[in-house]
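Here the structure is laid out as structure tokens; the discussion comes afterwards.
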Amino acid sequence: MCGIVGYIGKQEAVPVLLDGLKRLEYRGYDSAGVTVFNQGKLSCSKTVGRLVKVEELLEKSPLPGTVGIGHTRWATHGRPSDRNAHPHFDCTQRISVVHNGIIENYIELKEWLQEKGHIFNSETDTEVLPHLIEEYYRGSLVEAVQDALKKVEGAFALVVICKDHPEHLVVARKASPLIIGLGKEENFIASDIPAVLPYTRDIFILDDGEMAVVEAAGVQVSDFDGKLLPKKPFHVEWDITAAEKGGYEDFMLKEIHEQPRAVRDTMAGKIDRGEMKVVLPEVKLSAAEINKLQKIHVVACGTASYAGQVGKFLIEKLARIPVEVDLASEFRYRDPIVGPNSLTIIISQSGETADTLAGLREAKALGSRVLAITNVVGSSVAREADDLILTLAGPEIAVASTKAYTTQLLSLYLLAIYLAQERGIISLNDRMGMLEAMMNLPTQIEKVLNTETKIKEFAGNFKDCEDIFFIGRGLDYAVSLEGALKLKEISYIHAEAYAAGELKHGTLALIVEGVPVFAVVTQPELYDKMISNIKEVKAREATVVALALAGDHDTEKSVDYVLHIPLTHTMLTPILSVVPLQLFAYYTAKAKGCDVDKPRNLAKSVTVE
Ligand code: AGP
């Protein structure tokens, strides 16, 4: 997720571009840059680091001009660096582009362009865009962009500037957000509304498959073939803070709702639909090395460790390699049995958690191969691991992790299938079944999000509870761990997850009349056992909320409330069953008046031991 801006009009472009990028820094902040047109040429200033570094460069070497584009980056392909910072240029420095999204077929496009003599300077997927436009440029920027977009697969929101055409900017959108702020003799382009609010509240919200030619005097919206489309301006009522949260009350709620996009982006480019197999470009483990693996350790903290618990089930079930999940703060002090035939999977949203980083270093010191699953490209974990699977959740602002968790799960699904296919122990049929179900997950998460009102209504019933239990078996137990953490860390209600079969060995003593118990019941082969555990707590007068599969009308006969999730492959249910638990935690905390984005005593990234 990155932030892009553009300006064309009567003001100096740089102050408008920088102001817009500042308001979009929550979308990414590992590098930034601007390109401005002036006196027949394009000038660019860009650098790794926060936007303030670009401001320092521009103070030393100002870029005059009233037409320009800008970008603040959240790295996906290519580490944070000066040369990977946007904007990017073609070979002739005639065309410059800023982009948010993922060009899924960038490797084949880059090779095709290199064969035609194009010279690339960065490791990014984005840089194929200016070179592709250059390849088709015959004097009309609009036509060149249209021709180029016909070859591009993936998600993009882009702004193109050309030194031959300072009279307009060309923008296009597919699956990544793009809006145009409508001014008087000036127009503003941005990924998101906050960037343009100081100048105008009237905007065009581009839809997928739409492009626009943006001049100071006006904006023409069309489809990618140039067919003009009528566009009705939208008048923004939000204030700036609300706009940064996309109109949601809190970043946490916004990030819960971003999960369909985050899961879709994380999946992008990792499934070869032709052969229906998983491809992990940044995992260099060979089939021979995978077949030599005797043990896998998962090392993480908090939510990431609970994602690891799900990963354990998946990898052991599919790849038949023993997996041990360790809390990072414990791992390095227990003299772990780790060696060259181990793979250590490090999971960390921030990539900077001190305990987790120490676990990574311990594993490496003991000779283990290390594979990182992280959300931040330039993070310490990403840099020090041997292999990398990047979650493309975009910056996660709320302390309570949500979209990072579901994209970690998706990455673990992909890894489990990858290990099994490299070991040759998963049939094409089984692979296809899981991958088809996986591709449907973003739509199904949307469906679960549509039950938000129902969850909000009954969450209020629990706000005064002192203890809430979450029970499940197998994968449902792993999800219960995350559900309990979400609730306790933002609502301050004591919440505990228990393996349902374990209740009778002690905890059942705490189950008395009215104690709420969430029972996650999605695993068919454990269904009967779960129902008897539900009856066990009901017999003690507990209030039971079941989280069950759509179409399961038996469970509701035994419980007080039931929440349904859509049917999916039985091993993929955690990505869906966690969403109602996230929403329940959020609305319970809101009902208590808690600060859900910044809960007491906690930090977003725990960089101390
Ligand atoms: C989760 O909601 C918490 N914010 C916390 O448990 C978090 O998952 C943990 O600190 C690990 O952080 P990391 O993924 O950035 O390493």
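Residue numbering restarts at 1 in every chain; chains get A, B, ... in the order shown in the structure tokens, and ligands count up from 1 in that same order.
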
Could I get the residue neighbourhood of ligand 1 at 8 Å, counting only C-alpha atoms and all ligand atoms, as a PDB file with N, CA, C and O atoms, in the first residue's frame?
```
ATOM      1  N   ALA A 300       7.647 -16.704  17.287  1.00  0.00           N
ATOM      2  CA  ALA A 300       6.908 -15.438  17.139  1.00  0.00           C
ATOM      3  C   ALA A 300       6.354 -15.026  18.483  1.00  0.00           C
ATOM      4  O   ALA A 300       6.487 -15.768  19.461  1.00  0.00           O
ATOM      5  N   CYS A 301       5.675 -13.878  18.501  1.00  0.00           N
ATOM      6  CA  CYS A 301       5.050 -13.362  19.728  1.00  0.00           C
ATOM      7  C   CYS A 301       3.582 -13.060  19.450  1.00  0.00           C
ATOM      8  O   CYS A 301       3.207 -12.790  18.313  1.00  0.00           O
ATOM      9  N   GLY A 302       2.787 -13.082  20.492  1.00  0.00           N
ATOM     10  CA  GLY A 302       1.407 -12.596  20.435  1.00  0.00           C
ATOM     11  C   GLY A 302       0.613 -13.176  19.283  1.00  0.00           C
ATOM     12  O   GLY A 302       0.649 -14.374  19.020  1.00  0.00           O
ATOM     13  N   THR A 303      -0.053 -12.267  18.580  1.00  0.00           N
ATOM     14  CA  THR A 303      -0.899 -12.690  17.453  1.00  0.00           C
ATOM     15  C   THR A 303      -0.119 -13.489  16.441  1.00  0.00           C
ATOM     16  O   THR A 303      -0.592 -14.491  15.906  1.00  0.00           O
ATOM     17  N   ALA A 304       1.111 -13.089  16.179  1.00  0.00           N
ATOM     18  CA  ALA A 304       1.940 -13.804  15.194  1.00  0.00           C
ATOM     19  C   ALA A 304       2.167 -15.243  15.652  1.00  0.00           C
ATOM     20  O   ALA A 304       2.181 -16.172  14.833  1.00  0.00           O
ATOM     21  N   SER A 305       2.314 -15.447  16.952  1.00  0.00           N
ATOM     22  CA  SER A 305       2.523 -16.818  17.440  1.00  0.00           C
ATOM     23  C   SER A 305       1.241 -17.633  17.268  1.00  0.00           C
ATOM     24  O   SER A 305       1.280 -18.836  16.984  1.00  0.00           O
ATOM     25  N   ILE A 347       7.724 -15.245  12.346  1.00  0.00           N
ATOM     26  CA  ILE A 347       6.540 -14.477  11.935  1.00  0.00           C
ATOM     27  C   ILE A 347       6.507 -13.177  12.730  1.00  0.00           C
ATOM     28  O   ILE A 347       6.556 -13.194  13.968  1.00  0.00           O
ATOM     29  N   SER A 348       6.452 -12.066  12.034  1.00  0.00           N
ATOM     30  CA  SER A 348       6.422 -10.769  12.723  1.00  0.00           C
ATOM     31  C   SER A 348       5.866  -9.682  11.809  1.00  0.00           C
ATOM     32  O   SER A 348       6.443  -9.425  10.755  1.00  0.00           O
ATOM     33  N   GLN A 349       4.763  -9.087  12.188  1.00  0.00           N
ATOM     34  CA  GLN A 349       4.179  -8.003  11.394  1.00  0.00           C
ATOM     35  C   GLN A 349       5.198  -6.877  11.233  1.00  0.00           C
ATOM     36  O   GLN A 349       5.490  -6.498  10.106  1.00  0.00           O
ATOM     37  N   SER A 350       5.731  -6.407  12.326  1.00  0.00           N
ATOM     38  CA  SER A 350       6.635  -5.242  12.288  1.00  0.00           C
ATOM     39  C   SER A 350       8.025  -5.606  11.779  1.00  0.00           C
ATOM     40  O   SER A 350       8.762  -4.781  11.263  1.00  0.00           O
ATOM     41  N   GLY A 351       8.410  -6.869  12.037  1.00  0.00           N
ATOM     42  CA  GLY A 351       9.764  -7.283  11.683  1.00  0.00           C
ATOM     43  C   GLY A 351      10.825  -6.695  12.596  1.00  0.00           C
ATOM     44  O   GLY A 351      12.021  -6.776  12.313  1.00  0.00           O
ATOM     45  N   GLU A 352      10.366  -6.097  13.717  1.00  0.00           N
ATOM     46  CA  GLU A 352      11.310  -5.454  14.646  1.00  0.00           C
ATOM     47  C   GLU A 352      11.136  -5.910  16.097  1.00  0.00           C
ATOM     48  O   GLU A 352      11.830  -5.419  16.964  1.00  0.00           O
ATOM     49  N   THR A 353      10.220  -6.840  16.357  1.00  0.00           N
ATOM     50  CA  THR A 353       9.980  -7.288  17.742  1.00  0.00           C
ATOM     51  C   THR A 353      11.254  -7.882  18.316  1.00  0.00           C
ATOM     52  O   THR A 353      11.805  -8.837  17.741  1.00  0.00           O
ATOM     53  N   THR A 356      11.445 -11.639  19.005  1.00  0.00           N
ATOM     54  CA  THR A 356      11.404 -12.441  17.779  1.00  0.00           C
ATOM     55  C   THR A 356      12.723 -12.345  17.024  1.00  0.00           C
ATOM     56  O   THR A 356      13.253 -13.344  16.520  1.00  0.00           O
ATOM     57  N   THR A 374       6.742 -11.533   7.114  1.00  0.00           N
ATOM     58  CA  THR A 374       6.661 -10.209   7.735  1.00  0.00           C
ATOM     59  C   THR A 374       5.949  -9.229   6.813  1.00  0.00           C
ATOM     60  O   THR A 374       5.769  -9.497   5.627  1.00  0.00           O
ATOM     61  N   ALA A 398      -3.285   0.284  13.997  1.00  0.00           N
ATOM     62  CA  ALA A 398      -3.878  -0.080  15.297  1.00  0.00           C
ATOM     63  C   ALA A 398      -2.957  -1.065  16.013  1.00  0.00           C
ATOM     64  O   ALA A 398      -2.380  -1.951  15.378  1.00  0.00           O
ATOM     65  N   VAL A 399      -2.871  -0.926  17.336  1.00  0.00           N
ATOM     66  CA  VAL A 399      -2.020  -1.834  18.112  1.00  0.00           C
ATOM     67  C   VAL A 399      -2.515  -3.269  17.976  1.00  0.00           C
ATOM     68  O   VAL A 399      -1.741  -4.211  17.842  1.00  0.00           O
ATOM     69  N   ALA A 400      -3.816  -3.452  17.968  1.00  0.00           N
ATOM     70  CA  ALA A 400      -4.381  -4.806  17.849  1.00  0.00           C
ATOM     71  C   ALA A 400      -4.260  -5.275  16.411  1.00  0.00           C
ATOM     72  O   ALA A 400      -4.790  -4.664  15.490  1.00  0.00           O
ATOM     73  N   SER A 401      -3.553  -6.342  16.227  1.00  0.00           N
ATOM     74  CA  SER A 401      -3.251  -6.837  14.886  1.00  0.00           C
ATOM     75  C   SER A 401      -4.448  -7.583  14.305  1.00  0.00           C
ATOM     76  O   SER A 401      -5.005  -8.471  14.941  1.00  0.00           O
ATOM     77  N   THR A 402      -4.841  -7.231  13.100  1.00  0.00           N
ATOM     78  CA  THR A 402      -5.990  -7.889  12.463  1.00  0.00           C
ATOM     79  C   THR A 402      -5.614  -8.320  11.042  1.00  0.00           C
ATOM     80  O   THR A 402      -5.453  -9.513  10.786  1.00  0.00           O
ATOM     81  N   ALA A 404      -2.867  -8.098   9.595  1.00  0.00           N
ATOM     82  CA  ALA A 404      -1.566  -8.779   9.586  1.00  0.00           C
ATOM     83  C   ALA A 404      -1.775 -10.261   9.886  1.00  0.00           C
ATOM     84  O   ALA A 404      -1.188 -11.140   9.243  1.00  0.00           O
ATOM     85  N   TYR A 405      -2.667 -10.565  10.843  1.00  0.00           N
ATOM     86  CA  TYR A 405      -2.934 -11.962  11.221  1.00  0.00           C
ATOM     87  C   TYR A 405      -3.507 -12.747  10.031  1.00  0.00           C
ATOM     88  O   TYR A 405      -3.000 -13.824   9.700  1.00  0.00           O
ATOM     89  N   LEU A 485      -7.073 -13.104  22.732  1.00  0.00           N
ATOM     90  CA  LEU A 485      -6.101 -12.001  22.795  1.00  0.00           C
ATOM     91  C   LEU A 485      -6.721 -10.702  22.295  1.00  0.00           C
ATOM     92  O   LEU A 485      -6.596  -9.644  22.911  1.00  0.00           O
ATOM     93  N   LYS A 486      -7.429 -10.770  21.163  1.00  0.00           N
ATOM     94  CA  LYS A 486      -8.068  -9.559  20.609  1.00  0.00           C
ATOM     95  C   LYS A 486      -8.972  -8.912  21.657  1.00  0.00           C
ATOM     96  O   LYS A 486      -8.946  -7.722  21.871  1.00  0.00           O
ATOM     97  N   GLU A 489      -6.990  -7.499  24.925  1.00  0.00           N
ATOM     98  CA  GLU A 489      -6.028  -6.396  24.765  1.00  0.00           C
ATOM     99  C   GLU A 489      -6.703  -5.065  24.451  1.00  0.00           C
ATOM    100  O   GLU A 489      -6.106  -4.020  24.662  1.00  0.00           O
ATOM    101  N   LEU A 602       0.175  -0.933  26.063  1.00  0.00           N
ATOM    102  CA  LEU A 602       0.681  -1.683  24.915  1.00  0.00           C
ATOM    103  C   LEU A 602       1.315  -0.772  23.871  1.00  0.00           C
ATOM    104  O   LEU A 602       1.007   0.408  23.798  1.00  0.00           O
ATOM    105  N   ALA A 603       2.184  -1.357  23.040  1.00  0.00           N
ATOM    106  CA  ALA A 603       2.806  -0.619  21.929  1.00  0.00           C
ATOM    107  C   ALA A 603       2.601  -1.429  20.663  1.00  0.00           C
ATOM    108  O   ALA A 603       2.419  -2.654  20.721  1.00  0.00           O
ATOM    109  N   LYS A 604       2.663  -0.764  19.529  1.00  0.00           N
ATOM    110  CA  LYS A 604       2.437  -1.467  18.257  1.00  0.00           C
ATOM    111  C   LYS A 604       3.601  -2.413  17.956  1.00  0.00           C
ATOM    112  O   LYS A 604       3.392  -3.513  17.501  1.00  0.00           O
ATOM    113  N   SER A 605       4.801  -1.962  18.254  1.00  0.00           N
ATOM    114  CA  SER A 605       5.931  -2.859  17.998  1.00  0.00           C
ATOM    115  C   SER A 605       6.799  -2.883  19.252  1.00  0.00           C
ATOM    116  O   SER A 605       7.298  -1.852  19.680  1.00  0.00           O
ATOM    117  N   VAL A 606       6.937  -4.085  19.847  1.00  0.00           N
ATOM    118  CA  VAL A 606       7.645  -4.205  21.132  1.00  0.00           C
ATOM    119  C   VAL A 606       9.128  -4.445  20.846  1.00  0.00           C
ATOM    120  O   VAL A 606       9.571  -5.569  20.658  1.00  0.00           O
TER     121      VAL A 606
END
```

Contacts of stretch 240-355 of chain A with stretch 441-456 of chain A up to 9 Å, shortest pair per row, only C-alpha atoms, as a tab-separated table:
```
residue	atom	partner	partner_atom	distance
A:Ile256	CA	A:Leu449	CA	8.4
A:His257	CA	A:Leu449	CA	7.1
A:Gln259	CA	A:Ile445	CA	7.3
A:Pro260	CA	A:Pro442	CA	4.2
A:Arg261	CA	A:Pro442	CA	6.9
A:Ala262	CA	A:Pro442	CA	8.5
A:Val263	CA	A:Pro442	CA	6.3
A:Arg264	CA	A:Pro442	CA	6.1
```

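For the residues A:Ser81, A:Thr555, A:Thr92, A:Thr507, ranking by smallest atom-to-atom distance to A:Ser122 using only C-alpha atoms places A:Ser81 first.
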
Go through stretch 328-509 of chain A and collect every residue that DSSP, computed from the backbone, puts in strand (DSSP E or B); the answer should be as a VMD selection string. chain A and resid 342 to 348 369 to 374 387 to 390 467 to 472 494 to 499

Pick out each residue of stretch 256-349 of chain A that DSSP on the backbone tags as alpha helix (DSSP H); I need them as a ChimeraX atom specification. /A:256-257,259-267,287-292,302-319,328-331

Which residues are close to stretch 185-190 of chain A, i.e. within 7 Å by only C-alpha atoms, leaving aside same-chain residues fewer than 6 positions away? Reply as a ChimeraX atom specification. /A:4-10,178-179,196,216-217

Contacts of A:Leu109 at 8 Å or less, counting only C-alpha atoms, minus same-chain residues fewer than 4 places along, as a list in words? Asn105, Leu113 and Val128 of chain A

Export, as an mmCIF file, in the first residue's frame, the selected residues with N, CA and C atoms.
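Below is the file again.cif, written as the result:
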```
data_model
loop_
_atom_site.group_PDB
_atom_site.id
_atom_site.type_symbol
_atom_site.label_atom_id
_atom_site.label_comp_id
_atom_site.auth_asym_id
_atom_site.auth_seq_id
_atom_site.Cartn_x
_atom_site.Cartn_y
_atom_site.Cartn_z
ATOM 1 N N ASN A 105 2.569 -9.346 -13.471
ATOM 2 C CA ASN A 105 3.385 -9.945 -14.559
ATOM 3 C C ASN A 105 4.614 -9.079 -14.861
ATOM 4 N N LEU A 113 10.841 -6.012 -22.214
ATOM 5 C CA LEU A 113 11.342 -4.641 -22.437
ATOM 6 C C LEU A 113 12.868 -4.614 -22.512
ATOM 7 N N VAL A 128 8.440 -1.025 -14.668
ATOM 8 C CA VAL A 128 8.053 -1.490 -16.012
ATOM 9 C C VAL A 128 7.060 -0.513 -16.652
#
```

Name all residues at most 7 Å from stretch 593-601 of chain A (count only C-alpha atoms; drop same-chain ones fewer than 3 positions away) and give them as a list of chain:residue names. A:Asp250, A:Phe251, A:Met252, A:Ala398, A:Val399, A:Glu489, A:Ile490, A:Ser491, A:Tyr586, A:Ala589, A:Lys590

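Minimum atom-to-atom distances from A:Glu12, A:Asp464, A:Glu436, A:Asp355 to A:Val278 were compared using only C-alpha atoms, and the lowest value belongs to A:Glu436.
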
From atom CA of A:Gly20 to atom CA of A:Ile240 the spacing works out at 11.6 Å

I'd like the neighbourhood of A:Glu422 as a PyMOL selection string, where a residue qualifies if any of its atoms comes within 9 Å (using only C-alpha atoms), though same-chain residues fewer than 3 positions away should be ignored. chain A and resi 286-288+290-291+319+417-419+425-426

Dump of C-alpha atoms for the selected residues, as a short mmCIF file (atom, residue, chain, number, x, y, z; two decimals), in the first residue's frame:
```cif
data_model
loop_
_atom_site.label_atom_id
_atom_site.label_comp_id
_atom_site.auth_asym_id
_atom_site.auth_seq_id
_atom_site.Cartn_x
_atom_site.Cartn_y
_atom_site.Cartn_z
CA SER A 286 15.16 -26.17 -3.05
CA ALA A 287 13.10 -29.36 -3.21
CA ALA A 288 16.21 -31.27 -2.09
CA ILE A 290 12.93 -29.29 1.75
CA ASN A 291 13.14 -33.07 1.60
CA ALA A 319 3.80 -31.43 4.26
CA ILE A 417 1.06 -26.19 0.10
CA TYR A 418 4.45 -25.17 -1.33
CA LEU A 419 6.34 -27.52 1.00
CA ILE A 425 3.07 -35.43 -1.46
CA ILE A 426 0.04 -33.36 -2.40
#
```

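Using only C-alpha atoms for every distance, the candidate list A:Glu324, A:Glu56, A:Pro64, A:Pro87 yields A:Pro87 as the residue closest to A:Ala32.
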
Taking only C-alpha atoms into account, name the residue in A:Met211, A:Val219, A:Gln93, A:Phe224 that is nearest to A:Cys162. A:Gln93

Select from stretch 470-540 of chain A every residue with an atom at most 9 Å from any atom of stretch 573-581 of chain A, then for each give the shortest pair of atoms and their distance in Å to one decimal, using only C-alpha atoms, rows by chain and rising number, as a Markdown table.
```
| residue | atom | partner | partner_atom | distance |
| --- | --- | --- | --- | --- |
| A:Leu475 | CA | A:Pro574 | CA | 6.9 |
| A:Asp476 | CA | A:Pro574 | CA | 7.1 |
| A:Ala478 | CA | A:Pro574 | CA | 8.2 |
| A:Val479 | CA | A:Pro574 | CA | 6.0 |
| A:Ser480 | CA | A:Val578 | CA | 8.2 |
| A:Glu482 | CA | A:Val578 | CA | 7.5 |
| A:Gly483 | CA | A:Leu581 | CA | 5.3 |
| A:Ala484 | CA | A:Leu581 | CA | 8.4 |
| A:Lys486 | CA | A:Leu581 | CA | 7.6 |
| A:Leu487 | CA | A:Leu581 | CA | 8.0 |
| A:Val520 | CA | A:Ser577 | CA | 7.8 |
| A:Thr522 | CA | A:Thr573 | CA | 6.9 |
| A:Gln523 | CA | A:Thr573 | CA | 8.4 |
```

Take the selection from the previous step and output its residues with all heavy atoms, as a PDB file, in the first residue's frame.
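Printed below is part.pdb as written:
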```pdb
ATOM      1  N   LEU A 475      -7.828 -26.670  14.695  1.00  0.00           N
ATOM      2  CA  LEU A 475      -7.694 -25.302  14.143  1.00  0.00           C
ATOM      3  C   LEU A 475      -8.573 -24.314  14.892  1.00  0.00           C
ATOM      4  O   LEU A 475      -8.241 -23.139  15.047  1.00  0.00           O
ATOM      5  CB  LEU A 475      -8.072 -25.312  12.658  1.00  0.00           C
ATOM      6  CG  LEU A 475      -7.021 -25.869  11.707  1.00  0.00           C
ATOM      7  CD1 LEU A 475      -7.616 -26.020  10.304  1.00  0.00           C
ATOM      8  CD2 LEU A 475      -5.792 -24.991  11.663  1.00  0.00           C
ATOM      9  N   ASP A 476      -9.711 -24.790  15.392  1.00  0.00           N
ATOM     10  CA  ASP A 476     -10.615 -23.884  16.118  1.00  0.00           C
ATOM     11  C   ASP A 476     -10.021 -23.474  17.465  1.00  0.00           C
ATOM     12  O   ASP A 476     -10.318 -22.383  17.964  1.00  0.00           O
ATOM     13  CB  ASP A 476     -11.973 -24.556  16.320  1.00  0.00           C
ATOM     14  CG  ASP A 476     -12.730 -24.704  15.012  1.00  0.00           C
ATOM     15  OD1 ASP A 476     -12.409 -23.955  14.060  1.00  0.00           O
ATOM     16  OD2 ASP A 476     -13.617 -25.566  14.932  1.00  0.00           O
ATOM     17  N   ALA A 478      -6.746 -23.035  17.836  1.00  0.00           N
ATOM     18  CA  ALA A 478      -5.728 -22.046  17.442  1.00  0.00           C
ATOM     19  C   ALA A 478      -6.375 -20.676  17.225  1.00  0.00           C
ATOM     20  O   ALA A 478      -5.865 -19.647  17.661  1.00  0.00           O
ATOM     21  CB  ALA A 478      -5.028 -22.513  16.171  1.00  0.00           C
ATOM     22  N   VAL A 479      -7.555 -20.664  16.606  1.00  0.00           N
ATOM     23  CA  VAL A 479      -8.248 -19.388  16.378  1.00  0.00           C
ATOM     24  C   VAL A 479      -8.767 -18.814  17.690  1.00  0.00           C
ATOM     25  O   VAL A 479      -8.764 -17.606  17.908  1.00  0.00           O
ATOM     26  CB  VAL A 479      -9.415 -19.599  15.376  1.00  0.00           C
ATOM     27  CG1 VAL A 479     -10.302 -18.354  15.311  1.00  0.00           C
ATOM     28  CG2 VAL A 479      -8.875 -19.919  14.006  1.00  0.00           C
ATOM     29  N   SER A 480      -9.172 -19.703  18.604  1.00  0.00           N
ATOM     30  CA  SER A 480      -9.663 -19.234  19.909  1.00  0.00           C
ATOM     31  C   SER A 480      -8.593 -18.455  20.657  1.00  0.00           C
ATOM     32  O   SER A 480      -8.892 -17.469  21.342  1.00  0.00           O
ATOM     33  CB  SER A 480     -10.102 -20.432  20.759  1.00  0.00           C
ATOM     34  OG  SER A 480     -11.162 -21.108  20.128  1.00  0.00           O
ATOM     35  N   GLU A 482      -6.356 -16.527  19.370  1.00  0.00           N
ATOM     36  CA  GLU A 482      -6.331 -15.156  18.801  1.00  0.00           C
ATOM     37  C   GLU A 482      -7.575 -14.388  19.223  1.00  0.00           C
ATOM     38  O   GLU A 482      -7.509 -13.211  19.561  1.00  0.00           O
ATOM     39  CB  GLU A 482      -6.208 -15.230  17.273  1.00  0.00           C
ATOM     40  CG  GLU A 482      -6.311 -13.897  16.550  1.00  0.00           C
ATOM     41  CD  GLU A 482      -5.291 -12.856  17.008  1.00  0.00           C
ATOM     42  OE1 GLU A 482      -4.354 -13.194  17.741  1.00  0.00           O
ATOM     43  OE2 GLU A 482      -5.449 -11.670  16.668  1.00  0.00           O
ATOM     44  N   GLY A 483      -8.712 -15.058  19.248  1.00  0.00           N
ATOM     45  CA  GLY A 483      -9.949 -14.377  19.662  1.00  0.00           C
ATOM     46  C   GLY A 483      -9.858 -13.850  21.083  1.00  0.00           C
ATOM     47  O   GLY A 483     -10.271 -12.727  21.384  1.00  0.00           O
ATOM     48  N   ALA A 484      -9.268 -14.653  21.962  1.00  0.00           N
ATOM     49  CA  ALA A 484      -9.130 -14.239  23.372  1.00  0.00           C
ATOM     50  C   ALA A 484      -8.174 -13.054  23.494  1.00  0.00           C
ATOM     51  O   ALA A 484      -8.436 -12.084  24.207  1.00  0.00           O
ATOM     52  CB  ALA A 484      -8.631 -15.412  24.199  1.00  0.00           C
ATOM     53  N   LYS A 486      -7.429 -10.770  21.163  1.00  0.00           N
ATOM     54  CA  LYS A 486      -8.068  -9.559  20.609  1.00  0.00           C
ATOM     55  C   LYS A 486      -8.972  -8.912  21.657  1.00  0.00           C
ATOM     56  O   LYS A 486      -8.946  -7.722  21.871  1.00  0.00           O
ATOM     57  CB  LYS A 486      -8.908  -9.912  19.378  1.00  0.00           C
ATOM     58  CG  LYS A 486      -8.185 -10.046  18.085  1.00  0.00           C
ATOM     59  CD  LYS A 486      -7.618  -8.767  17.516  1.00  0.00           C
ATOM     60  CE  LYS A 486      -6.207  -8.437  17.825  1.00  0.00           C
ATOM     61  NZ  LYS A 486      -5.154  -9.361  17.838  1.00  0.00           N
ATOM     62  N   LEU A 487      -9.797  -9.765  22.309  1.00  0.00           N
ATOM     63  CA  LEU A 487     -10.763  -9.206  23.263  1.00  0.00           C
ATOM     64  C   LEU A 487     -10.054  -8.583  24.456  1.00  0.00           C
ATOM     65  O   LEU A 487     -10.332  -7.454  24.840  1.00  0.00           O
ATOM     66  CB  LEU A 487     -11.735 -10.293  23.729  1.00  0.00           C
ATOM     67  CG  LEU A 487     -12.803  -9.813  24.721  1.00  0.00           C
ATOM     68  CD1 LEU A 487     -13.743  -8.803  24.054  1.00  0.00           C
ATOM     69  CD2 LEU A 487     -13.605 -10.991  25.261  1.00  0.00           C
ATOM     70  N   VAL A 520     -15.916 -22.237  19.042  1.00  0.00           N
ATOM     71  CA  VAL A 520     -15.651 -22.213  17.601  1.00  0.00           C
ATOM     72  C   VAL A 520     -15.796 -23.641  17.078  1.00  0.00           C
ATOM     73  O   VAL A 520     -15.124 -24.562  17.561  1.00  0.00           O
ATOM     74  CB  VAL A 520     -14.233 -21.663  17.320  1.00  0.00           C
ATOM     75  CG1 VAL A 520     -14.028 -21.461  15.817  1.00  0.00           C
ATOM     76  CG2 VAL A 520     -14.028 -20.325  18.044  1.00  0.00           C
ATOM     77  N   THR A 522     -15.939 -25.391  13.623  1.00  0.00           N
ATOM     78  CA  THR A 522     -15.908 -25.425  12.149  1.00  0.00           C
ATOM     79  C   THR A 522     -15.279 -26.704  11.607  1.00  0.00           C
ATOM     80  O   THR A 522     -15.239 -26.901  10.398  1.00  0.00           O
ATOM     81  CB  THR A 522     -15.071 -24.252  11.596  1.00  0.00           C
ATOM     82  OG1 THR A 522     -13.676 -24.520  11.873  1.00  0.00           O
ATOM     83  CG2 THR A 522     -15.475 -22.921  12.189  1.00  0.00           C
ATOM     84  N   GLN A 523     -14.787 -27.582  12.487  1.00  0.00           N
ATOM     85  CA  GLN A 523     -14.045 -28.739  12.003  1.00  0.00           C
ATOM     86  C   GLN A 523     -14.916 -29.992  12.042  1.00  0.00           C
ATOM     87  O   GLN A 523     -15.186 -30.541  13.115  1.00  0.00           O
ATOM     88  CB  GLN A 523     -12.767 -28.939  12.851  1.00  0.00           C
ATOM     89  CG  GLN A 523     -11.814 -27.749  12.797  1.00  0.00           C
ATOM     90  CD  GLN A 523     -11.312 -27.465  11.385  1.00  0.00           C
ATOM     91  OE1 GLN A 523     -10.685 -28.318  10.758  1.00  0.00           O
ATOM     92  NE2 GLN A 523     -11.624 -26.289  10.856  1.00  0.00           N
TER      93      GLN A 523
END
```
